file protein_19.cif (mmCIF, C-alpha atoms)
data_entry
#
loop_
_atom_site.label_atom_id
_atom_site.label_comp_id
_atom_site.auth_asym_id
_atom_site.auth_seq_id
_atom_site.Cartn_x
_atom_site.Cartn_y
_atom_site.Cartn_z
CA MET A 1 -193.07 -157.77 -134.86
CA ALA A 2 -196.84 -157.51 -134.90
CA ASP A 3 -198.29 -154.79 -137.11
CA THR A 4 -200.78 -152.83 -135.02
CA ASP A 5 -201.26 -149.65 -137.00
CA ASN A 6 -205.04 -149.97 -137.21
CA THR A 7 -206.17 -146.38 -136.60
CA ALA A 8 -207.73 -146.15 -140.07
CA THR A 9 -209.93 -149.21 -139.52
CA ALA A 10 -210.53 -148.83 -135.79
CA LYS A 11 -214.15 -149.26 -134.77
CA PRO A 12 -215.56 -147.43 -131.77
CA GLY A 13 -217.14 -149.53 -129.04
CA VAL A 14 -214.97 -152.68 -129.38
CA THR A 15 -214.11 -153.75 -125.83
CA ILE A 16 -211.71 -156.17 -124.18
CA ARG A 17 -214.67 -158.48 -123.49
CA ASP A 18 -215.44 -158.57 -127.22
CA ILE A 19 -211.86 -159.58 -127.97
CA ALA A 20 -211.92 -162.21 -125.21
CA GLN A 21 -215.07 -163.79 -126.68
CA VAL A 22 -213.56 -164.03 -130.18
CA ALA A 23 -210.16 -165.27 -128.94
CA GLY A 24 -211.69 -167.72 -126.46
CA VAL A 25 -209.66 -166.43 -123.50
CA SER A 26 -210.37 -164.41 -120.36
CA ALA A 27 -210.58 -160.62 -120.28
CA GLY A 28 -207.50 -160.62 -118.01
CA THR A 29 -205.51 -162.52 -120.63
CA VAL A 30 -206.56 -160.02 -123.28
CA SER A 31 -205.51 -157.13 -121.04
CA ARG A 32 -202.05 -158.64 -120.43
CA ALA A 33 -201.55 -159.37 -124.12
CA LEU A 34 -202.50 -155.84 -125.21
CA LYS A 35 -200.26 -154.29 -122.56
CA ASN A 36 -197.37 -156.62 -123.42
CA GLU A 37 -197.17 -157.89 -119.84
CA PRO A 38 -195.34 -161.11 -118.89
CA GLY A 39 -197.06 -164.40 -118.09
CA LEU A 40 -198.36 -165.36 -121.55
CA THR A 41 -197.05 -167.60 -124.29
CA GLU A 42 -196.24 -165.96 -127.61
CA VAL A 43 -198.94 -168.06 -129.29
CA THR A 44 -201.63 -166.72 -126.93
CA ARG A 45 -200.37 -163.16 -127.28
CA GLN A 46 -200.49 -163.27 -131.08
CA MET A 47 -203.93 -164.90 -131.04
CA VAL A 48 -205.28 -162.05 -128.91
CA LEU A 49 -203.67 -159.40 -131.14
CA GLU A 50 -205.12 -161.01 -134.28
CA ALA A 51 -208.59 -161.06 -132.70
CA ALA A 52 -208.22 -157.41 -131.72
CA ARG A 53 -207.19 -156.43 -135.26
CA SER A 54 -210.00 -158.40 -136.86
CA LEU A 55 -212.56 -156.61 -134.67
CA GLY A 56 -211.04 -153.21 -135.39
CA TYR A 57 -210.01 -152.56 -131.80
CA ASP A 58 -208.68 -149.03 -131.27
CA PHE A 59 -205.14 -149.60 -129.97
CA CYS A 60 -204.83 -145.88 -129.30
CA LYS A 61 -207.07 -146.39 -126.28
CA LEU A 62 -204.25 -148.22 -124.55
CA ARG A 63 -202.09 -146.10 -122.30
CA PRO A 64 -198.79 -147.26 -120.80
CA LYS A 65 -199.04 -148.07 -117.13
CA ARG A 66 -197.50 -145.22 -115.17
CA MET A 67 -194.83 -146.15 -112.67
CA ARG A 68 -196.11 -145.18 -109.25
CA ARG A 69 -193.98 -147.19 -106.80
CA LEU A 70 -190.29 -148.05 -106.88
CA THR A 71 -188.26 -150.11 -104.42
CA PHE A 72 -184.58 -149.35 -103.84
CA LEU A 73 -182.73 -152.47 -102.66
CA LEU A 74 -179.37 -152.41 -100.92
CA HIS A 75 -177.63 -155.65 -99.99
CA ARG A 76 -177.33 -156.03 -96.23
CA GLN A 77 -173.54 -156.25 -96.50
CA HIS A 78 -173.49 -152.64 -97.78
CA ASN A 79 -175.76 -151.34 -95.01
CA THR A 80 -172.78 -150.43 -92.84
CA ALA A 81 -171.04 -147.30 -91.59
CA ALA A 82 -168.18 -147.93 -94.03
CA SER A 83 -170.47 -148.24 -97.08
CA SER A 84 -173.11 -145.65 -96.24
CA PRO A 85 -170.99 -142.61 -97.31
CA PHE A 86 -171.24 -143.98 -100.86
CA TYR A 87 -174.69 -145.54 -101.03
CA SER A 88 -176.58 -142.90 -99.03
CA PRO A 89 -176.03 -140.21 -101.70
CA VAL A 90 -176.98 -142.75 -104.39
CA LEU A 91 -180.25 -143.37 -102.54
CA HIS A 92 -180.86 -139.63 -102.17
CA GLY A 93 -180.31 -139.13 -105.90
CA ALA A 94 -182.84 -141.86 -106.68
CA GLU A 95 -185.27 -140.36 -104.19
CA GLU A 96 -185.05 -136.89 -105.77
CA ALA A 97 -185.58 -138.34 -109.24
CA CYS A 98 -188.64 -140.25 -108.00
CA ARG A 99 -190.06 -137.14 -106.35
CA LYS A 100 -189.85 -135.21 -109.61
CA GLN A 101 -191.76 -137.99 -111.37
CA GLY A 102 -194.38 -138.40 -108.63
CA ILE A 103 -193.08 -141.88 -107.78
CA VAL A 104 -193.19 -143.25 -104.23
CA LEU A 105 -189.84 -144.79 -103.30
CA SER A 106 -189.38 -147.43 -100.60
CA PHE A 107 -186.04 -148.67 -99.28
CA MET A 108 -185.02 -152.13 -98.12
CA ALA A 109 -181.67 -153.49 -96.92
CA VAL A 110 -181.88 -157.21 -97.62
CA GLY A 111 -179.93 -160.44 -97.74
CA PRO A 112 -180.56 -163.73 -99.54
CA ALA A 113 -182.14 -165.29 -96.42
CA ASP A 114 -184.62 -162.48 -95.76
CA GLY A 115 -187.63 -163.78 -97.69
CA LEU A 116 -186.98 -161.14 -100.32
CA ILE A 117 -189.69 -162.12 -102.80
CA ASP A 118 -192.37 -162.05 -100.08
CA GLN A 119 -191.21 -158.56 -99.10
CA ILE A 120 -191.32 -157.43 -102.72
CA ARG A 121 -194.91 -158.63 -102.96
CA MET A 122 -195.77 -156.62 -99.84
CA HIS A 123 -194.22 -153.45 -101.26
CA ALA A 124 -195.84 -154.12 -104.67
CA PRO A 125 -193.41 -151.92 -106.64
CA ASP A 126 -193.70 -151.23 -110.36
CA GLY A 127 -189.91 -151.28 -110.66
CA ILE A 128 -186.80 -152.24 -108.68
CA VAL A 129 -183.36 -150.63 -108.37
CA CYS A 130 -180.60 -152.81 -106.89
CA ALA A 131 -177.54 -150.93 -105.59
CA GLY A 132 -174.20 -152.66 -105.11
CA PHE A 133 -173.38 -156.34 -105.18
CA PHE A 134 -176.18 -158.90 -105.26
CA GLU A 135 -175.87 -162.65 -105.72
CA PRO A 136 -176.85 -163.70 -109.27
CA GLU A 137 -179.40 -166.09 -107.76
CA THR A 138 -181.06 -163.20 -105.91
CA LEU A 139 -181.22 -161.12 -109.07
CA ALA A 140 -182.71 -164.04 -111.02
CA ALA A 141 -185.42 -164.39 -108.36
CA LEU A 142 -186.18 -160.67 -108.59
CA ARG A 143 -186.38 -160.83 -112.39
CA SER A 144 -188.85 -163.71 -112.15
CA THR A 145 -191.36 -161.31 -110.56
CA GLY A 146 -191.73 -159.60 -113.95
CA LYS A 147 -190.78 -156.17 -112.54
CA GLN A 148 -188.51 -153.81 -114.43
CA LEU A 149 -185.05 -154.08 -112.86
CA VAL A 150 -181.93 -151.88 -113.00
CA LEU A 151 -178.57 -152.43 -111.30
CA ILE A 152 -176.50 -149.56 -109.89
CA ASP A 153 -172.80 -150.09 -109.13
CA MET A 154 -172.94 -153.62 -110.49
CA GLN A 155 -172.93 -155.21 -113.92
CA LEU A 156 -174.19 -158.65 -114.85
CA ARG A 157 -174.85 -160.05 -118.29
CA GLY A 158 -178.45 -159.64 -119.36
CA TYR A 159 -179.31 -156.85 -116.91
CA ASN A 160 -179.70 -153.10 -117.39
CA SER A 161 -177.10 -151.26 -115.32
CA VAL A 162 -175.57 -147.91 -114.40
CA ASN A 163 -171.94 -147.80 -113.22
CA PRO A 164 -169.15 -145.32 -112.64
CA ASP A 165 -166.24 -145.77 -115.01
CA ASN A 166 -164.42 -147.97 -112.52
CA MET A 167 -161.73 -149.16 -114.88
CA MET A 168 -160.81 -145.66 -115.99
CA GLY A 169 -160.77 -144.59 -112.35
CA GLY A 170 -158.30 -147.33 -111.41
CA TYR A 171 -156.21 -146.40 -114.42
CA LEU A 172 -156.16 -142.66 -113.58
CA ALA A 173 -155.31 -143.32 -109.92
CA THR A 174 -152.35 -145.56 -110.80
CA ARG A 175 -151.18 -143.32 -113.62
CA HIS A 176 -151.19 -140.34 -111.25
CA LEU A 177 -149.01 -142.22 -108.75
CA ILE A 178 -146.58 -143.21 -111.51
CA ASP A 179 -146.48 -139.60 -112.69
CA THR A 180 -145.39 -138.47 -109.22
CA GLY A 181 -142.31 -140.65 -109.60
CA ARG A 182 -143.47 -143.67 -107.60
CA THR A 183 -142.00 -146.95 -108.80
CA ARG A 184 -143.64 -149.56 -106.52
CA VAL A 185 -147.38 -148.96 -106.59
CA GLY A 186 -149.42 -151.28 -104.39
CA PHE A 187 -153.13 -152.03 -104.52
CA ILE A 188 -155.44 -152.76 -101.59
CA SER A 189 -158.47 -154.62 -102.89
CA GLY A 190 -161.82 -155.63 -101.51
CA PRO A 191 -163.69 -158.78 -102.62
CA LEU A 192 -163.12 -159.29 -106.35
CA ALA A 193 -166.59 -160.80 -106.67
CA HIS A 194 -167.74 -157.16 -106.73
CA TYR A 195 -167.83 -155.86 -110.30
CA SER A 196 -166.69 -152.34 -109.34
CA ILE A 197 -163.63 -153.58 -107.42
CA ARG A 198 -162.71 -155.99 -110.21
CA GLU A 199 -162.81 -153.16 -112.76
CA ARG A 200 -160.70 -150.87 -110.57
CA ALA A 201 -158.11 -153.63 -110.32
CA ARG A 202 -158.12 -153.94 -114.12
CA GLY A 203 -157.45 -150.21 -114.46
CA TYR A 204 -154.57 -150.47 -111.98
CA ARG A 205 -152.94 -153.27 -113.97
CA GLN A 206 -153.54 -151.51 -117.29
CA ALA A 207 -151.66 -148.42 -116.12
CA LEU A 208 -148.73 -150.52 -114.92
CA PHE A 209 -148.65 -152.37 -118.23
CA GLU A 210 -148.57 -149.17 -120.28
CA GLU A 211 -145.63 -147.86 -118.24
CA GLY A 212 -143.71 -151.11 -118.63
CA ILE A 213 -143.82 -151.78 -114.88
CA LEU A 214 -143.87 -155.39 -113.74
CA ASN A 215 -147.14 -156.27 -112.06
CA ASP A 216 -145.74 -157.74 -108.84
CA PRO A 217 -148.53 -159.84 -107.24
CA ARG A 218 -146.95 -159.26 -103.81
CA LEU A 219 -147.97 -155.61 -104.11
CA GLU A 220 -151.66 -156.55 -104.26
CA ALA A 221 -153.28 -157.15 -100.88
CA ASN A 222 -156.89 -158.28 -100.46
CA LEU A 223 -158.93 -157.59 -97.37
CA PRO A 224 -159.11 -160.87 -95.39
CA ASP A 225 -162.47 -162.64 -95.40
CA GLY A 226 -164.74 -162.37 -92.42
CA VAL A 227 -163.42 -159.09 -91.00
CA ASP A 228 -164.78 -155.56 -91.02
CA LEU A 229 -163.28 -152.97 -93.37
CA GLU A 230 -161.37 -151.18 -90.61
CA THR A 231 -159.56 -154.35 -89.50
CA GLY A 232 -159.14 -155.71 -93.02
CA ALA A 233 -157.66 -152.55 -94.53
CA TRP A 234 -155.24 -152.19 -91.60
CA GLU A 235 -154.07 -155.79 -92.00
CA ALA A 236 -153.73 -155.36 -95.78
CA MET A 237 -151.58 -152.24 -95.31
CA GLU A 238 -149.45 -154.01 -92.70
CA GLN A 239 -148.95 -156.85 -95.16
CA LEU A 240 -147.63 -154.45 -97.82
CA LEU A 241 -145.39 -152.56 -95.40
CA SER A 242 -143.88 -155.83 -94.16
CA LEU A 243 -142.53 -156.73 -97.60
CA PRO A 244 -138.72 -156.72 -98.06
CA HIS A 245 -139.31 -153.97 -100.63
CA PRO A 246 -142.53 -152.22 -99.55
CA PRO A 247 -144.50 -149.97 -101.88
CA ASP A 248 -143.87 -146.24 -102.10
CA ALA A 249 -147.51 -145.66 -103.14
CA VAL A 250 -150.81 -147.46 -102.65
CA PHE A 251 -154.08 -147.27 -104.56
CA CYS A 252 -156.99 -148.36 -102.35
CA TYR A 253 -160.25 -149.66 -103.76
CA ASN A 254 -162.27 -147.05 -101.84
CA ASP A 255 -161.79 -144.03 -99.60
CA SER A 256 -162.69 -145.78 -96.36
CA ALA A 257 -159.90 -148.32 -96.92
CA ALA A 258 -157.50 -145.54 -97.96
CA LEU A 259 -158.10 -143.56 -94.76
CA VAL A 260 -157.41 -146.67 -92.68
CA ALA A 261 -154.26 -147.36 -94.72
CA MET A 262 -153.08 -143.80 -94.09
CA ARG A 263 -153.51 -144.18 -90.32
CA CYS A 264 -151.57 -147.45 -90.45
CA CYS A 265 -148.68 -145.76 -92.28
CA LEU A 266 -148.60 -142.92 -89.76
CA ALA A 267 -148.54 -145.44 -86.90
CA ARG A 268 -145.48 -146.99 -88.56
CA GLY A 269 -143.75 -143.58 -88.52
CA LEU A 270 -144.09 -142.98 -92.26
CA LYS A 271 -144.81 -139.54 -93.68
CA VAL A 272 -147.65 -139.18 -96.19
CA PRO A 273 -147.00 -138.41 -99.04
CA HIS A 274 -143.20 -138.01 -98.64
CA ASP A 275 -142.55 -141.67 -97.79
CA ILE A 276 -145.68 -143.19 -99.26
CA ALA A 277 -148.50 -141.74 -101.38
CA ILE A 278 -152.10 -142.94 -101.03
CA VAL A 279 -155.09 -142.71 -103.38
CA GLY A 280 -158.70 -143.71 -102.68
CA PHE A 281 -161.87 -143.95 -104.73
CA ASP A 282 -165.41 -142.45 -104.38
CA ASP A 283 -164.63 -138.99 -102.85
CA ILE A 284 -166.78 -139.49 -99.76
CA ALA A 285 -167.29 -136.54 -97.41
CA THR A 286 -164.63 -137.70 -94.95
CA ALA A 287 -161.94 -137.92 -97.65
CA VAL A 288 -160.75 -134.43 -96.71
CA LEU A 289 -160.78 -135.07 -92.94
CA GLY A 290 -157.81 -137.43 -92.64
CA HIS A 291 -154.24 -136.57 -91.56
CA ARG A 292 -153.77 -135.54 -95.18
CA PRO A 293 -156.71 -134.70 -97.48
CA LEU A 294 -157.09 -137.73 -99.70
CA THR A 295 -156.43 -137.87 -103.42
CA THR A 296 -159.35 -139.79 -104.87
CA LEU A 297 -161.64 -140.44 -107.81
CA ARG A 298 -164.82 -138.39 -107.63
CA ILE A 299 -168.15 -139.94 -108.56
CA ASP A 300 -171.37 -137.93 -108.76
CA LYS A 301 -173.18 -140.37 -106.51
CA LYS A 302 -176.54 -138.58 -106.53
CA ALA A 303 -176.44 -138.46 -110.33
CA LEU A 304 -175.75 -142.21 -110.31
CA GLY A 305 -178.99 -142.82 -108.36
CA ALA A 306 -180.96 -140.53 -110.66
CA MET A 307 -179.56 -142.28 -113.73
CA GLY A 308 -180.78 -145.60 -112.36
CA VAL A 309 -184.34 -144.29 -111.99
CA GLU A 310 -184.28 -142.68 -115.45
CA LEU A 311 -183.06 -145.91 -117.05
CA LEU A 312 -185.82 -147.83 -115.27
CA LEU A 313 -188.45 -145.42 -116.64
CA ASP A 314 -186.96 -145.61 -120.14
CA GLN A 315 -187.07 -149.39 -120.11
CA GLN A 316 -190.65 -149.46 -118.84
CA ASN A 317 -191.80 -147.05 -121.54
CA ALA A 318 -190.02 -149.09 -124.21
CA SER A 319 -191.74 -152.28 -123.05
CA GLN A 320 -195.23 -150.77 -123.01
CA GLN A 321 -195.73 -149.75 -126.61
CA PRO A 322 -199.46 -150.45 -127.11
CA GLY A 323 -200.14 -153.74 -128.84
CA ARG A 324 -196.51 -154.34 -129.70
CA HIS A 325 -194.40 -157.34 -128.83
CA GLU A 326 -190.89 -156.93 -130.14
CA PRO A 327 -187.96 -159.28 -129.56
CA GLN A 328 -186.19 -158.59 -126.26
CA GLN A 329 -183.82 -155.65 -126.60
CA PRO A 330 -180.18 -156.00 -125.50
CA PRO A 331 -179.53 -154.70 -121.98
CA VAL A 332 -178.50 -151.08 -121.58
CA GLN A 333 -175.20 -150.50 -119.75
CA GLN A 334 -174.60 -146.85 -118.92
CA ILE A 335 -171.20 -145.58 -117.75
CA ALA A 336 -170.87 -142.42 -115.63
CA PRO A 337 -167.58 -140.49 -115.78
CA VAL A 338 -165.13 -140.21 -112.87
CA GLU A 339 -162.73 -137.38 -112.06
CA LEU A 340 -159.30 -137.53 -110.43
CA ILE A 341 -159.13 -135.12 -107.47
CA VAL A 342 -155.52 -134.49 -106.43
CA ARG A 343 -154.94 -133.62 -102.77
CA ALA A 344 -152.15 -133.71 -100.20
CA SER A 345 -152.00 -137.50 -99.80
CA THR A 346 -150.00 -137.72 -103.05
CA VAL A 347 -148.35 -134.32 -103.59
CA PHE A 348 -146.83 -131.71 -101.29
CA ASP A 349 -145.71 -128.07 -101.45
CA GLY A 350 -142.88 -127.63 -103.88
CA TRP A 351 -143.53 -131.01 -105.50
CA ARG A 352 -142.67 -131.29 -109.18
CA ALA A 353 -143.21 -134.18 -111.51
CA PRO A 354 -139.86 -135.86 -112.28
CA GLN A 355 -138.34 -135.30 -115.71
CA SER A 356 -139.10 -138.87 -116.71
CA SER A 357 -142.76 -138.46 -115.88
CA SER A 358 -145.35 -139.35 -118.46
CA ASN A 359 -147.25 -136.15 -117.72
CA ASP A 360 -146.05 -134.77 -121.04
CA ARG A 361 -147.53 -137.73 -122.91
CA PRO A 362 -151.20 -138.16 -123.57
CA PRO A 363 -152.61 -141.41 -122.14
CA THR A 364 -152.77 -144.17 -124.71
CA PHE A 365 -155.56 -145.99 -122.91
CA SER A 366 -159.07 -144.89 -123.81
CA ARG A 367 -162.37 -146.14 -122.38
CA THR A 368 -165.59 -146.55 -124.28
CA PRO A 369 -168.82 -147.81 -122.66
#
call {"tool": "encode", "arguments": {"input": "protein_19.cif", "output": "C-alpha cells"}}
result
Amino acid sequence: MADTDNTATAKPGVTIRDIAQVAGVSAGTVSRALKNEPGLTEVTRQMVLEAARSLGYDFCKLRPKRMRRLTFLLHRQHNTAASSPFYSPVLHGAEEACRKQGIVLSFMAVGPADGLIDQIRMHAPDGIVCAGFFEPETLAALRSTGKQLVLIDMQLRGYNSVNPDNMMGGYLATRHLIDTGRTRVGFISGPLAHYSIRERARGYRQALFEEGILNDPRLEANLPDGVDLETGAWEAMEQLLSLPHPPDAVFCYNDSAALVAMRCCLARGLKVPHDIAIVGFDDIATAVLGHRPLTTLRIDKKALGAMGVELLLDQQNASQQPGRHEPQQPPVQQIAPVELIVRASTVFDGWRAPQSSSNDRPPTFSRTP
C-alpha cells in the first residue's frame, strides 16, 4: 500500500499539471491515478504517486467523487406480472434510499441481446444495482465498464451482493410442514440456475435430512422450460398429485407458484390444509387473497433494495480513499433475515402439533452469513 500521509510536507500551489510534467504523463492520467480510478497500470499509478509525493502535493485537496446517478437493472425475464410483486418493492426501496442521498435513479429491464453496454453509456451512471438473475457473461460485461456494481437477490463469486436468507427460509418452511405432522413433503422448484431458488432447495433438503426423512426425488417437481409460471406451476402440482403416493404438503419456491398450486389442489377436490398443506416464499401482497391465506416466508423487500444502495455507496467510498491504492478487497455478501408467517394454508382451527413433533426441540441447523 502506498504511503500518502504527506500533510506535514504538503506544499501549497502544487497542481495536477505540475505532477504530470514531472511524471511525464497527461493531466488526465494524473487525475485518474490520484482518484484511484480504473484504466491504469500499477506501474503508472505508482509513478504518479511518487511524483506527487516528491513535489509535496496536498492529498487532502482530493475529495471522493460523489455518486449522483445510479441505474437499477432488472433482467427482462423478471419484468413480468408474476415477478413484479417481489421486485417492485425492491425497486421502491432502492429509490427511497437514493432520494435520501440525493441520487438520481434510472430503471432498465434488459436482456443479453439489448445492447446493454451502449445503454449504460447513455445513462452514464456512477453505480449499478442488478436485481435477480443475470447471466455471468452479462455481469462480466457490466464490470468491465469500471462502475461500482452490487447484486440483489443473486450471488456470484467475486461480486458484492445482498440476499435474503434463502437457505434458512427453505429450512423453516419445510421444518414447519414436518412439525404439523406431514410425512411426504414435496417441493415445487423454479430454474435452479437462480441462486435464490437453489438455496431454498438446499434448505428444504437440510430439514428433511435432520428429521431422518428420505429425500425422495419424485417429490421434487421443476417448472417445465419454456412455459409461463401459471402453466408451469399447475403442471408441476399435477405431476406431484399424480404420484402413486402423492405428497401431503408442498413447499413452493415462491408465493405465485404456491397460489397456483393451491388452485390446482382445489380443482382436484382436495381440501387445504386438511388434505394437503402449502407454503410459499416472499410474502407478496396477494399471499393473503387466495382460497386460504398462504403460509410463507416474509422478506423485507424494500429494505433489500435499500441495502443494495447502501452497499454500493460503502464500496465506492472505500475505493476512493485519496491517493491510496490497496489490494482488491474481498467481495461483501450481506444476508437479510427471513421470517416464517403461519397462515391457514398449513394450519386450521383446533389444529395441534402431533406428540412426535419436533416443536419441543430447538433446531440444530444454524445459518451464518
call {"tool": "resolve_selection", "arguments": {"input": "protein_19.cif", "expression": "the PyMOL selection byres ((chain A and resi 303-305) around 12)", "output": "count of residues only"}}
result
47
call {"tool": "atom_distance", "arguments": {"input": "protein_19.cif", "atom1": "CA of Gly290 in chain A", "atom2": "CA of Arg263 in chain A"}}
result
8.3 Å
call {"tool": "resolve_selection", "arguments": {"input": "protein_19.cif", "expression": "the PyMOL selection byres ((chain A and resi 106-117) around 6)", "output": "ChimeraX atom specification"}}
result
/A:71-76,105,118-120
call {"tool": "closest_residue", "arguments": {"input": "protein_19.cif", "among": "A:Leu313, A:Leu214, A:Ala173, A:Leu243", "to": "Leu294 in chain A", "atoms": "all atoms listed in the file"}}
result
A:Ala173
call {"tool": "residues_around", "arguments": {"input": "protein_19.cif", "residues": "Leu40 in chain A", "least_positions_apart": "5", "cutoff": "12 Å", "atoms": "all atoms listed in the file", "output": "list of chain:residue names"}}
result
A:Val25, A:Gly28, A:Thr29, A:Val30, A:Ser31, A:Arg32, A:Ala33, A:Leu34, A:Lys35, A:Arg45, A:Gln46, A:Met47, A:Val48, A:Gly146, A:His325
call {"tool": "atom_distance", "arguments": {"input": "protein_19.cif", "atom1": "CA of Tyr171 in chain A", "atom2": "CA of Arg205 in chain A"}}
result
7.6 Å
call {"tool": "resolve_selection", "arguments": {"input": "protein_19.cif", "expression": "the PyMOL selection byres ((chain A and resi 341) around 8)", "output": "ChimeraX atom specification"}}
result
/A:295-298,339-340,342-343
call {"tool": "atom_distance", "arguments": {"input": "protein_19.cif", "atom1": "CA of Ala124 in chain A", "atom2": "CA of Asn36 in chain A"}}
result
19.0 Å
call {"tool": "closest_residue", "arguments": {"input": "protein_19.cif", "among": "A:Glu211, A:Asp228, A:Asp283, A:Asp126", "to": "His78 in chain A", "atoms": "all atoms listed in the file"}}
result
A:Asp228
call {"tool": "closest_residue", "arguments": {"input": "protein_19.cif", "among": "A:Arg218, A:His123, A:Lys147, A:Arg17", "to": "Val104 in chain A", "atoms": "all atoms listed in the file"}}
result
A:His123
